[in-house]
$ cat start_38.pdb   # PDB, C-alpha atoms and all ligand atoms
ATOM      1  CA  MET A   1      28.789  67.809 246.532  1.00  0.00           C
ATOM      2  CA  ILE A   2      30.165  64.929 244.501  1.00  0.00           C
ATOM      3  CA  LYS A   3      27.842  62.247 243.083  1.00  0.00           C
ATOM      4  CA  VAL A   4      28.800  58.693 244.026  1.00  0.00           C
ATOM      5  CA  ALA A   5      28.469  55.590 241.841  1.00  0.00           C
ATOM      6  CA  PRO A   6      29.259  52.425 243.835  1.00  0.00           C
ATOM      7  CA  SER A   7      30.870  49.804 241.594  1.00  0.00           C
ATOM      8  CA  ILE A   8      29.231  46.425 242.057  1.00  0.00           C
ATOM      9  CA  LEU A   9      32.414  44.713 240.863  1.00  0.00           C
ATOM     10  CA  SER A  10      33.389  44.742 244.538  1.00  0.00           C
ATOM     11  CA  ALA A  11      29.965  43.568 245.794  1.00  0.00           C
ATOM     12  CA  ASP A  12      29.132  39.930 246.540  1.00  0.00           C
ATOM     13  CA  PRO A  13      28.466  38.395 243.079  1.00  0.00           C
ATOM     14  CA  ALA A  14      26.266  35.711 244.633  1.00  0.00           C
ATOM     15  CA  ASN A  15      24.182  38.282 246.508  1.00  0.00           C
ATOM     16  CA  LEU A  16      24.209  41.372 244.309  1.00  0.00           C
ATOM     17  CA  MET A  17      20.719  42.599 245.162  1.00  0.00           C
ATOM     18  CA  GLY A  18      21.306  41.972 248.860  1.00  0.00           C
ATOM     19  CA  ASP A  19      24.376  44.211 248.742  1.00  0.00           C
ATOM     20  CA  ILE A  20      22.705  46.851 246.550  1.00  0.00           C
ATOM     21  CA  ASN A  21      19.753  47.087 248.927  1.00  0.00           C
ATOM     22  CA  LYS A  22      22.171  47.925 251.719  1.00  0.00           C
ATOM     23  CA  VAL A  23      23.540  51.021 249.897  1.00  0.00           C
ATOM     24  CA  GLU A  24      21.745  54.281 250.581  1.00  0.00           C
ATOM     25  CA  GLY A  25      22.573  57.580 248.887  1.00  0.00           C
ATOM     26  CA  ALA A  26      24.040  56.197 245.655  1.00  0.00           C
ATOM     27  CA  ASP A  27      23.441  58.467 242.654  1.00  0.00           C
ATOM     28  CA  TYR A  28      24.143  55.674 240.161  1.00  0.00           C
ATOM     29  CA  LEU A  29      25.129  52.029 240.275  1.00  0.00           C
ATOM     30  CA  HIS A  30      28.319  51.471 238.293  1.00  0.00           C
ATOM     31  CA  VAL A  31      28.250  48.196 236.332  1.00  0.00           C
ATOM     32  CA  ASP A  32      31.575  47.027 234.860  1.00  0.00           C
ATOM     33  CA  VAL A  33      31.207  44.858 231.758  1.00  0.00           C
ATOM     34  CA  MET A  34      34.417  43.044 230.703  1.00  0.00           C
ATOM     35  CA  ASP A  35      35.015  40.733 227.763  1.00  0.00           C
ATOM     36  CA  GLY A  36      38.364  39.104 228.566  1.00  0.00           C
ATOM     37  CA  SER A  37      39.834  40.734 225.459  1.00  0.00           C
ATOM     38  CA  PHE A  38      39.788  44.514 225.873  1.00  0.00           C
ATOM     39  CA  VAL A  39      40.751  43.857 229.506  1.00  0.00           C
ATOM     40  CA  PRO A  40      42.228  40.664 230.982  1.00  0.00           C
ATOM     41  CA  ASN A  41      39.179  39.824 233.086  1.00  0.00           C
ATOM     42  CA  LEU A  42      35.538  38.744 232.776  1.00  0.00           C
ATOM     43  CA  SER A  43      32.648  40.227 234.735  1.00  0.00           C
ATOM     44  CA  PHE A  44      28.997  41.048 234.192  1.00  0.00           C
ATOM     45  CA  GLY A  45      27.055  40.972 230.927  1.00  0.00           C
ATOM     46  CA  LEU A  46      23.754  42.010 229.385  1.00  0.00           C
ATOM     47  CA  ASN A  47      21.654  39.675 231.503  1.00  0.00           C
ATOM     48  CA  THR A  48      22.981  41.234 234.715  1.00  0.00           C
ATOM     49  CA  VAL A  49      21.898  44.670 233.491  1.00  0.00           C
ATOM     50  CA  VAL A  50      18.435  43.291 232.607  1.00  0.00           C
ATOM     51  CA  GLY A  51      18.109  41.761 236.080  1.00  0.00           C
ATOM     52  CA  LEU A  52      19.338  44.850 237.923  1.00  0.00           C
ATOM     53  CA  SER A  53      17.038  47.223 236.062  1.00  0.00           C
ATOM     54  CA  LYS A  54      14.049  45.111 237.102  1.00  0.00           C
ATOM     55  CA  ASN A  55      15.100  45.116 240.732  1.00  0.00           C
ATOM     56  CA  THR A  56      16.368  48.610 241.507  1.00  0.00           C
ATOM     57  CA  ASP A  57      15.358  52.202 240.762  1.00  0.00           C
ATOM     58  CA  ILE A  58      18.942  53.446 240.954  1.00  0.00           C
ATOM     59  CA  LYS A  59      20.166  54.582 237.521  1.00  0.00           C
ATOM     60  CA  LEU A  60      22.597  52.128 235.938  1.00  0.00           C
ATOM     61  CA  ASP A  61      25.910  53.576 234.774  1.00  0.00           C
ATOM     62  CA  VAL A  62      27.278  50.841 232.511  1.00  0.00           C
ATOM     63  CA  HIS A  63      31.028  50.889 231.802  1.00  0.00           C
ATOM     64  CA  LEU A  64      31.782  48.751 228.746  1.00  0.00           C
ATOM     65  CA  MET A  65      35.293  47.325 228.717  1.00  0.00           C
ATOM     66  CA  ILE A  66      34.705  45.315 225.530  1.00  0.00           C
ATOM     67  CA  GLN A  67      36.049  45.335 221.964  1.00  0.00           C
ATOM     68  CA  ASN A  68      33.785  46.873 219.314  1.00  0.00           C
ATOM     69  CA  PRO A  69      31.133  48.105 221.745  1.00  0.00           C
ATOM     70  CA  GLU A  70      29.087  49.577 218.863  1.00  0.00           C
ATOM     71  CA  ASN A  71      27.810  46.039 218.270  1.00  0.00           C
ATOM     72  CA  TYR A  72      26.276  45.842 221.763  1.00  0.00           C
ATOM     73  CA  VAL A  73      25.411  49.348 222.959  1.00  0.00           C
ATOM     74  CA  GLU A  74      21.825  49.298 221.717  1.00  0.00           C
ATOM     75  CA  GLN A  75      21.198  46.062 223.584  1.00  0.00           C
ATOM     76  CA  PHE A  76      22.591  47.588 226.782  1.00  0.00           C
ATOM     77  CA  VAL A  77      20.234  50.562 226.466  1.00  0.00           C
ATOM     78  CA  LYS A  78      17.298  48.217 225.889  1.00  0.00           C
ATOM     79  CA  ALA A  79      18.435  46.198 228.902  1.00  0.00           C
ATOM     80  CA  GLY A  80      17.929  49.279 231.083  1.00  0.00           C
ATOM     81  CA  ALA A  81      21.198  51.240 231.179  1.00  0.00           C
ATOM     82  CA  SER A  82      20.754  54.993 231.793  1.00  0.00           C
ATOM     83  CA  ILE A  83      24.355  55.826 230.905  1.00  0.00           C
ATOM     84  CA  VAL A  84      26.510  53.737 228.572  1.00  0.00           C
ATOM     85  CA  GLY A  85      30.277  54.309 228.548  1.00  0.00           C
ATOM     86  CA  VAL A  86      32.515  53.280 225.638  1.00  0.00           C
ATOM     87  CA  HIS A  87      36.333  53.393 225.579  1.00  0.00           C
ATOM     88  CA  VAL A  88      38.074  55.416 222.859  1.00  0.00           C
ATOM     89  CA  GLU A  89      40.641  52.600 222.715  1.00  0.00           C
ATOM     90  CA  SER A  90      38.084  49.859 222.039  1.00  0.00           C
ATOM     91  CA  THR A  91      36.856  50.681 218.543  1.00  0.00           C
ATOM     92  CA  GLN A  92      37.569  52.347 215.197  1.00  0.00           C
ATOM     93  CA  HIS A  93      34.007  53.670 215.352  1.00  0.00           C
ATOM     94  CA  ILE A  94      33.714  55.543 218.633  1.00  0.00           C
ATOM     95  CA  ALA A  95      31.525  58.297 217.138  1.00  0.00           C
ATOM     96  CA  ARG A  96      29.152  55.682 215.757  1.00  0.00           C
ATOM     97  CA  ALA A  97      28.944  53.961 219.150  1.00  0.00           C
ATOM     98  CA  ILE A  98      28.039  57.292 220.801  1.00  0.00           C
ATOM     99  CA  GLN A  99      25.401  58.038 218.181  1.00  0.00           C
ATOM    100  CA  ILE A 100      23.763  54.631 218.637  1.00  0.00           C
ATOM    101  CA  ILE A 101      23.611  55.087 222.429  1.00  0.00           C
ATOM    102  CA  LYS A 102      21.907  58.474 222.075  1.00  0.00           C
ATOM    103  CA  ASN A 103      19.508  57.308 219.376  1.00  0.00           C
ATOM    104  CA  ALA A 104      18.508  54.413 221.614  1.00  0.00           C
ATOM    105  CA  GLY A 105      17.578  56.928 224.329  1.00  0.00           C
ATOM    106  CA  ALA A 106      20.388  56.721 226.903  1.00  0.00           C
ATOM    107  CA  GLN A 107      23.130  59.104 227.957  1.00  0.00           C
ATOM    108  CA  ALA A 108      26.402  58.594 226.126  1.00  0.00           C
ATOM    109  CA  GLU A 109      29.762  58.535 227.855  1.00  0.00           C
ATOM    110  CA  VAL A 110      33.254  58.300 226.420  1.00  0.00           C
ATOM    111  CA  VAL A 111      35.945  56.621 228.550  1.00  0.00           C
ATOM    112  CA  ILE A 112      39.707  57.115 228.392  1.00  0.00           C
ATOM    113  CA  ASN A 113      42.532  54.974 229.824  1.00  0.00           C
ATOM    114  CA  PRO A 114      45.386  56.426 231.901  1.00  0.00           C
ATOM    115  CA  GLY A 115      47.851  56.031 229.017  1.00  0.00           C
ATOM    116  CA  THR A 116      45.679  57.704 226.382  1.00  0.00           C
ATOM    117  CA  PRO A 117      45.974  61.470 225.838  1.00  0.00           C
ATOM    118  CA  LEU A 118      42.936  63.743 226.036  1.00  0.00           C
ATOM    119  CA  THR A 119      43.423  64.747 222.396  1.00  0.00           C
ATOM    120  CA  GLU A 120      41.886  61.351 221.493  1.00  0.00           C
ATOM    121  CA  LEU A 121      38.473  62.539 222.636  1.00  0.00           C
ATOM    122  CA  GLU A 122      38.500  66.261 221.895  1.00  0.00           C
ATOM    123  CA  GLU A 123      36.323  65.912 218.792  1.00  0.00           C
ATOM    124  CA  LEU A 124      33.754  63.906 220.725  1.00  0.00           C
ATOM    125  CA  LEU A 125      33.215  66.338 223.598  1.00  0.00           C
ATOM    126  CA  PRO A 126      30.212  68.172 222.074  1.00  0.00           C
ATOM    127  CA  GLU A 127      28.512  64.801 221.489  1.00  0.00           C
ATOM    128  CA  VAL A 128      28.714  63.231 224.957  1.00  0.00           C
ATOM    129  CA  ASP A 129      26.817  63.594 228.232  1.00  0.00           C
ATOM    130  CA  GLN A 130      29.686  62.346 230.367  1.00  0.00           C
ATOM    131  CA  VAL A 131      33.442  61.710 230.132  1.00  0.00           C
ATOM    132  CA  LEU A 132      34.992  58.993 232.299  1.00  0.00           C
ATOM    133  CA  ILE A 133      38.639  59.420 233.215  1.00  0.00           C
ATOM    134  CA  MET A 134      40.159  56.094 234.297  1.00  0.00           C
ATOM    135  CA  SER A 135      42.380  56.566 237.348  1.00  0.00           C
ATOM    136  CA  VAL A 136      43.608  52.951 237.215  1.00  0.00           C
ATOM    137  CA  ASN A 137      44.269  50.651 234.274  1.00  0.00           C
ATOM    138  CA  PRO A 138      40.895  48.985 233.763  1.00  0.00           C
ATOM    139  CA  GLY A 139      40.170  45.369 234.565  1.00  0.00           C
ATOM    140  CA  PHE A 140      40.199  44.995 238.325  1.00  0.00           C
ATOM    141  CA  GLY A 141      38.854  46.574 241.488  1.00  0.00           C
ATOM    142  CA  GLY A 142      41.038  47.520 244.433  1.00  0.00           C
ATOM    143  CA  GLN A 143      43.960  49.055 242.526  1.00  0.00           C
ATOM    144  CA  LYS A 144      46.003  52.091 243.531  1.00  0.00           C
ATOM    145  CA  PHE A 145      44.805  55.526 242.384  1.00  0.00           C
ATOM    146  CA  LEU A 146      47.067  57.062 239.708  1.00  0.00           C
ATOM    147  CA  GLU A 147      47.894  60.641 240.713  1.00  0.00           C
ATOM    148  CA  SER A 148      48.430  61.693 237.079  1.00  0.00           C
ATOM    149  CA  SER A 149      44.660  61.523 236.587  1.00  0.00           C
ATOM    150  CA  ILE A 150      44.201  64.697 238.661  1.00  0.00           C
ATOM    151  CA  SER A 151      46.031  66.830 236.109  1.00  0.00           C
ATOM    152  CA  LYS A 152      44.058  65.125 233.337  1.00  0.00           C
ATOM    153  CA  VAL A 153      40.771  66.042 235.036  1.00  0.00           C
ATOM    154  CA  LYS A 154      41.949  69.643 235.473  1.00  0.00           C
ATOM    155  CA  ARG A 155      42.802  69.913 231.784  1.00  0.00           C
ATOM    156  CA  LEU A 156      39.475  68.376 230.754  1.00  0.00           C
ATOM    157  CA  SER A 157      37.583  70.662 233.096  1.00  0.00           C
ATOM    158  CA  ALA A 158      39.354  73.699 231.588  1.00  0.00           C
ATOM    159  CA  LEU A 159      38.456  72.485 228.078  1.00  0.00           C
ATOM    160  CA  ARG A 160      34.836  72.069 229.130  1.00  0.00           C
ATOM    161  CA  GLN A 161      34.714  75.630 230.366  1.00  0.00           C
ATOM    162  CA  ALA A 162      36.602  77.102 227.405  1.00  0.00           C
ATOM    163  CA  ARG A 163      34.237  75.438 224.947  1.00  0.00           C
ATOM    164  CA  GLY A 164      31.069  76.135 226.942  1.00  0.00           C
ATOM    165  CA  LEU A 165      30.174  72.440 227.183  1.00  0.00           C
ATOM    166  CA  GLU A 166      28.119  70.777 229.910  1.00  0.00           C
ATOM    167  CA  PHE A 167      29.156  67.124 230.092  1.00  0.00           C
ATOM    168  CA  ASP A 168      29.785  65.598 233.513  1.00  0.00           C
ATOM    169  CA  ILE A 169      33.236  64.331 234.431  1.00  0.00           C
ATOM    170  CA  GLU A 170      33.390  60.929 236.134  1.00  0.00           C
ATOM    171  CA  ILE A 171      36.449  59.247 237.621  1.00  0.00           C
ATOM    172  CA  ASP A 172      36.955  55.512 238.175  1.00  0.00           C
ATOM    173  CA  GLY A 173      39.603  53.612 240.109  1.00  0.00           C
ATOM    174  CA  GLY A 174      41.132  53.822 243.559  1.00  0.00           C
ATOM    175  CA  ILE A 175      38.749  56.490 244.874  1.00  0.00           C
ATOM    176  CA  SER A 176      38.610  56.846 248.662  1.00  0.00           C
ATOM    177  CA  ASP A 177      38.396  59.431 251.444  1.00  0.00           C
ATOM    178  CA  LYS A 178      42.090  60.147 250.744  1.00  0.00           C
ATOM    179  CA  ASN A 179      41.600  61.576 247.237  1.00  0.00           C
ATOM    180  CA  VAL A 180      37.908  62.440 246.774  1.00  0.00           C
ATOM    181  CA  LYS A 181      38.381  66.116 247.716  1.00  0.00           C
ATOM    182  CA  ALA A 182      41.309  66.513 245.306  1.00  0.00           C
ATOM    183  CA  VAL A 183      39.402  65.013 242.372  1.00  0.00           C
ATOM    184  CA  TYR A 184      36.299  67.064 243.187  1.00  0.00           C
ATOM    185  CA  ASP A 185      38.339  70.275 243.307  1.00  0.00           C
ATOM    186  CA  ALA A 186      39.924  69.311 239.979  1.00  0.00           C
ATOM    187  CA  GLY A 187      36.464  69.198 238.361  1.00  0.00           C
ATOM    188  CA  VAL A 188      35.018  65.715 238.898  1.00  0.00           C
ATOM    189  CA  ASP A 189      31.207  65.491 239.175  1.00  0.00           C
ATOM    190  CA  VAL A 190      30.815  61.731 239.710  1.00  0.00           C
ATOM    191  CA  ALA A 191      33.123  59.375 241.614  1.00  0.00           C
ATOM    192  CA  VAL A 192      32.989  55.613 241.099  1.00  0.00           C
ATOM    193  CA  ALA A 193      33.914  53.715 244.255  1.00  0.00           C
ATOM    194  CA  GLY A 194      34.127  49.927 244.435  1.00  0.00           C
ATOM    195  CA  SER A 195      36.328  48.531 247.169  1.00  0.00           C
ATOM    196  CA  TYR A 196      35.974  51.711 249.261  1.00  0.00           C
ATOM    197  CA  VAL A 197      32.195  51.118 249.512  1.00  0.00           C
ATOM    198  CA  PHE A 198      31.806  47.337 249.444  1.00  0.00           C
ATOM    199  CA  GLY A 199      35.028  46.586 251.315  1.00  0.00           C
ATOM    200  CA  ALA A 200      33.659  48.207 254.472  1.00  0.00           C
ATOM    201  CA  GLU A 201      30.998  47.111 256.951  1.00  0.00           C
ATOM    202  CA  ASP A 202      28.549  49.966 256.410  1.00  0.00           C
ATOM    203  CA  TYR A 203      28.210  50.733 252.677  1.00  0.00           C
ATOM    204  CA  SER A 204      25.917  53.747 253.132  1.00  0.00           C
ATOM    205  CA  LYS A 205      28.314  55.345 255.586  1.00  0.00           C
ATOM    206  CA  GLN A 206      31.140  55.107 253.016  1.00  0.00           C
ATOM    207  CA  VAL A 207      29.001  56.815 250.355  1.00  0.00           C
ATOM    208  CA  GLN A 208      28.080  59.567 252.797  1.00  0.00           C
ATOM    209  CA  LEU A 209      31.722  60.054 253.833  1.00  0.00           C
ATOM    210  CA  LEU A 210      32.720  60.733 250.205  1.00  0.00           C
ATOM    211  CA  LYS A 211      29.897  63.255 249.902  1.00  0.00           C
ATOM    212  CA  ASP A 212      30.641  64.966 253.213  1.00  0.00           C
ATOM    213  CA  LEU A 213      34.262  65.475 252.190  1.00  0.00           C
ATOM    214  CA  THR A 214      33.131  67.471 249.134  1.00  0.00           C
ATOM    215  CA  LYS A 215      30.411  69.623 250.715  1.00  0.00           C
TER     216      LYS A 215
HETATM  217  C1  LIG A 301      38.070  48.817 237.018  1.00  0.00           C
HETATM  218  C2  LIG A 301      36.637  49.196 237.096  1.00  0.00           C
HETATM  219  C3  LIG A 301      36.239  49.945 238.303  1.00  0.00           C
HETATM  220  C4  LIG A 301      36.430  49.216 239.612  1.00  0.00           C
HETATM  221  C5  LIG A 301      36.784  50.280 240.611  1.00  0.00           C
HETATM  222  O1  LIG A 301      38.336  48.369 235.734  1.00  0.00           O
HETATM  223  O2  LIG A 301      36.299  49.989 235.977  1.00  0.00           O
HETATM  224  O3  LIG A 301      34.908  50.417 238.194  1.00  0.00           O
HETATM  225  O4  LIG A 301      35.315  48.528 240.065  1.00  0.00           O
HETATM  226  O5  LIG A 301      37.110  49.665 241.809  1.00  0.00           O
HETATM  227  P1  LIG A 301      37.885  50.447 242.961  1.00  0.00           P
HETATM  228  O6  LIG A 301      37.035  51.604 243.386  1.00  0.00           O
HETATM  229  O7  LIG A 301      38.055  49.412 244.023  1.00  0.00           O
HETATM  230  O8  LIG A 301      39.199  50.902 242.376  1.00  0.00           O
HETATM  231 ZN    ZN A 302      34.345  50.945 235.935  1.00  0.00          ZN
END
$ encode --input "start_38.pdb" --output "structure tokens" --more "lines below"
Ligand code: DX5
Ligand code: ZN
Amino acid sequence: MIKVAPSILSADPANLMGDINKVEGADYLHVDVMDGSFVPNLSFGLNTVVGLSKNTDIKLDVHLMIQNPENYVEQFVKAGASIVGVHVESTQHIARAIQIIKNAGAQAEVVINPGTPLTELEELLPEVDQVLIMSVNPGFGGQKFLESSISKVKRLSALRQARGLEFDIEIDGGISDKNVKAVYDAGVDVAVAGSYVFGAEDYSKQVQLLKDLTK
């Protein structure tokens, strides 16, 4: 069964905890951090992660869409993140960023944009706990799922097996009941879902639907 990480980018920003308390069955909460430079949008920051970690027991899966994340990752771990994701495209020092996350005691994740080839992260695979394949161009919720990401997941999953590695594969962007089975069959362990969960009436039902489709 797939793990589901609801993305609070699509929740009510003025009532985040109210919305989070209505979600049952989430494996992680996905927190999108944007700096207006790496992506053309602004969202949550460190203080949101501090506040969330005090108010929920759900593990925080923090997706950093910021330039030079190595300068901030330690602070995000201290703020309460369980998983910290850094984009290969966002820094000259991706290996350093991963090392700092692990030394600070969290799980390290490397993230890759739709236009970036898998070869960019091959060297990092033995070092990470999770790889996040973006299935939309990052920056906004509610975008259309890019079908090319399925073949990328399949190739990553084959690499994982060939090299005997155990990282989880996460996918982010445009996930719904229409594509969750296909991404799960391709090798995805964790699906991020923003608008599919928080755009509906019953958030918990949406999470359960994604899980039921991958039983
Ligand atoms: C996009 C974010 C996603 C976003 C997904 O840059 O990384 O996490 O919230 O939203 P949906 O599921 O609506 O595509
Ligand atoms: Zn995200």
$ closest_residue --input "start_38.pdb" --among "A:Leu210, A:Ile98, A:Leu125, A:Val23" --to "Tyr184 (chain A)" --atoms "only C-alpha atoms"
A:Leu210
$ residues_near_ligand --input "start_38.pdb" --ligand "ligand ZN 302 (chain A)" --cutoff "9 Å" --atoms "only C-alpha atoms and all ligand atoms" --output "mmCIF file with C-alpha atoms, keeping the file's coordinate frame"
data_model
loop_
_atom_site.group_PDB
_atom_site.id
_atom_site.type_symbol
_atom_site.label_atom_id
_atom_site.label_comp_id
_atom_site.auth_asym_id
_atom_site.auth_seq_id
_atom_site.Cartn_x
_atom_site.Cartn_y
_atom_site.Cartn_z
ATOM 1 C CA SER A 7 30.870 49.804 241.594
ATOM 2 C CA LEU A 9 32.414 44.713 240.863
ATOM 3 C CA HIS A 30 28.319 51.471 238.293
ATOM 4 C CA VAL A 31 28.250 48.196 236.332
ATOM 5 C CA ASP A 32 31.575 47.027 234.860
ATOM 6 C CA VAL A 33 31.207 44.858 231.758
ATOM 7 C CA ASP A 61 25.910 53.576 234.774
ATOM 8 C CA VAL A 62 27.278 50.841 232.511
ATOM 9 C CA HIS A 63 31.028 50.889 231.802
ATOM 10 C CA LEU A 64 31.782 48.751 228.746
ATOM 11 C CA MET A 65 35.293 47.325 228.717
ATOM 12 C CA LEU A 132 34.992 58.993 232.299
ATOM 13 C CA MET A 134 40.159 56.094 234.297
ATOM 14 C CA PRO A 138 40.895 48.985 233.763
ATOM 15 C CA GLY A 139 40.170 45.369 234.565
ATOM 16 C CA PHE A 140 40.199 44.995 238.325
ATOM 17 C CA GLY A 141 38.854 46.574 241.488
ATOM 18 C CA ILE A 171 36.449 59.247 237.621
ATOM 19 C CA ASP A 172 36.955 55.512 238.175
ATOM 20 C CA GLY A 173 39.603 53.612 240.109
ATOM 21 C CA VAL A 192 32.989 55.613 241.099
ATOM 22 C CA ALA A 193 33.914 53.715 244.255
ATOM 23 C CA GLY A 194 34.127 49.927 244.435
#
$ resolve_selection --input "start_38.pdb" --expression "the PyMOL selection byres (((chain A and resi 84) around 6) and not hetatm)" --output "PyMOL selection string"
chain A and resi 62+83+85+108-109
$ atom_distance --input "start_38.pdb" --atom1 "CA of Met17 (chain A)" --atom2 "CA of Asn179 (chain A)"
28.3 Å
$ atom_distance --input "start_38.pdb" --atom1 "CA of Val39 (chain A)" --atom2 "CA of Ser195 (chain A)"
18.8 Å
$ resolve_selection --input "start_38.pdb" --expression "the PyMOL selection byres (((chain A and resi 124) around 10) and not hetatm)" --output "PyMOL selection string"
chain A and resi 88+94-95+98+109-110+119-123+125-128+131
$ residues_around --input "start_38.pdb" --residues "Asp185 (chain A)" --least-positions-apart "4" --cutoff "9 Å" --atoms "all atoms listed in the file" --output "VMD selection string"
chain A and resid 154 180 to 181 214
$ resolve_selection --input "start_38.pdb" --expression "the PyMOL selection byres (((chain A and resi 46) around 8) and not hetatm)" --output "MDAnalysis selection string"
chainID A and resid 44:45 47:50 75:76 79
$ residues_near_point --input "start_38.pdb" --point "(48.9, 53.8, 232.0)" --cutoff "7 Å" --atoms "only C-alpha atoms" --output "mmCIF file with C-alpha atoms, in the frame of the given file"
data_model
loop_
_atom_site.group_PDB
_atom_site.id
_atom_site.type_symbol
_atom_site.label_atom_id
_atom_site.label_comp_id
_atom_site.auth_asym_id
_atom_site.auth_seq_id
_atom_site.Cartn_x
_atom_site.Cartn_y
_atom_site.Cartn_z
ATOM 1 C CA ASN A 113 42.532 54.974 229.824
ATOM 2 C CA PRO A 114 45.386 56.426 231.901
ATOM 3 C CA GLY A 115 47.851 56.031 229.017
ATOM 4 C CA ASN A 137 44.269 50.651 234.274
#
$ closest_residue --input "start_38.pdb" --among "A:Glu70, A:Glu89, A:Glu201, A:Glu170" --to "Val4 (chain A)" --atoms "all atoms listed in the file"
A:Glu170
$ closest_residue --input "start_38.pdb" --among "A:Leu29, A:Ala81, A:Ile169, A:Val153" --to "ligand LIG 301 (chain A)" --atoms "only C-alpha atoms and all ligand atoms"
A:Leu29
$ atom_distance --input "start_38.pdb" --atom1 "atom C3 of ligand LIG 301 (chain A)" --atom2 "CA of Ala14 (chain A)"
18.5 Å
$ closest_residue --input "start_38.pdb" --among "A:Ala200, A:Ile175, A:Ile2, A:Val111" --to "ligand LIG 301 (chain A)" --atoms "all atoms listed in the file"
A:Ile175
$ axis_aligned_box --input "start_38.pdb" --around "ligand LIG 301 (chain A)" --padding-each-side "3 Å" --output "AutoDock Vina command-line options"
--center_x 37.1 --center_y 50.0 --center_z 239.9 --size_x 10.3 --size_y 9.2 --size_z 14.3
$ closest_residue --input "start_38.pdb" --among "A:Ile133, A:Tyr28, A:Gly105, A:Gly199" --to "Pro6 (chain A)" --atoms "only C-alpha atoms"
A:Tyr28
$ closest_residue --input "start_38.pdb" --among "A:Gly25, A:Gly51, A:Gly174, A:Pro117" --to "Gly142 (chain A)" --atoms "all atoms listed in the file"
A:Gly174
$ build_atoms --input "start_38.pdb" --residues "region 102-113 of chain A" --atoms "N, CA, C and O atoms" --output "compact mmCIF listing (two decimals), in the frame of the given file"
# COMPACT_ATOMS: atom_id res chain seq x y z
N LYS A 102 22.85 57.35 221.95
CA LYS A 102 21.91 58.47 222.08
C LYS A 102 20.61 58.20 221.32
O LYS A 102 19.52 58.48 221.83
N ASN A 103 20.72 57.62 220.14
CA ASN A 103 19.51 57.31 219.38
C ASN A 103 18.63 56.29 220.10
O ASN A 103 17.41 56.30 219.96
N ALA A 104 19.28 55.43 220.89
CA ALA A 104 18.51 54.41 221.61
C ALA A 104 17.88 55.00 222.88
O ALA A 104 17.10 54.34 223.55
N GLY A 105 18.26 56.24 223.23
CA GLY A 105 17.58 56.93 224.33
C GLY A 105 18.32 56.97 225.65
O GLY A 105 17.73 57.30 226.68
N ALA A 106 19.62 56.65 225.65
CA ALA A 106 20.39 56.72 226.90
C ALA A 106 21.39 57.86 226.83
O ALA A 106 21.55 58.51 225.79
N GLN A 107 22.06 58.11 227.94
CA GLN A 107 23.13 59.10 227.96
C GLN A 107 24.42 58.44 227.50
O GLN A 107 24.70 57.29 227.89
N ALA A 108 25.18 59.17 226.69
CA ALA A 108 26.40 58.59 226.13
C ALA A 108 27.62 59.12 226.87
O ALA A 108 27.73 60.30 227.16
N GLU A 109 28.52 58.19 227.15
CA GLU A 109 29.76 58.54 227.86
C GLU A 109 30.95 57.99 227.08
O GLU A 109 30.91 56.88 226.56
N VAL A 110 32.01 58.79 227.00
CA VAL A 110 33.25 58.30 226.42
C VAL A 110 34.25 58.11 227.56
O VAL A 110 34.30 58.90 228.50
N VAL A 111 35.02 57.01 227.47
CA VAL A 111 35.94 56.62 228.55
C VAL A 111 37.37 56.62 228.01
O VAL A 111 37.60 56.22 226.86
N ILE A 112 38.33 57.03 228.85
CA ILE A 112 39.71 57.12 228.39
C ILE A 112 40.65 56.50 229.43
O ILE A 112 40.54 56.77 230.62
N ASN A 113 41.57 55.66 228.95
CA ASN A 113 42.53 54.97 229.82
C ASN A 113 43.62 55.93 230.31
O ASN A 113 43.89 56.95 229.66
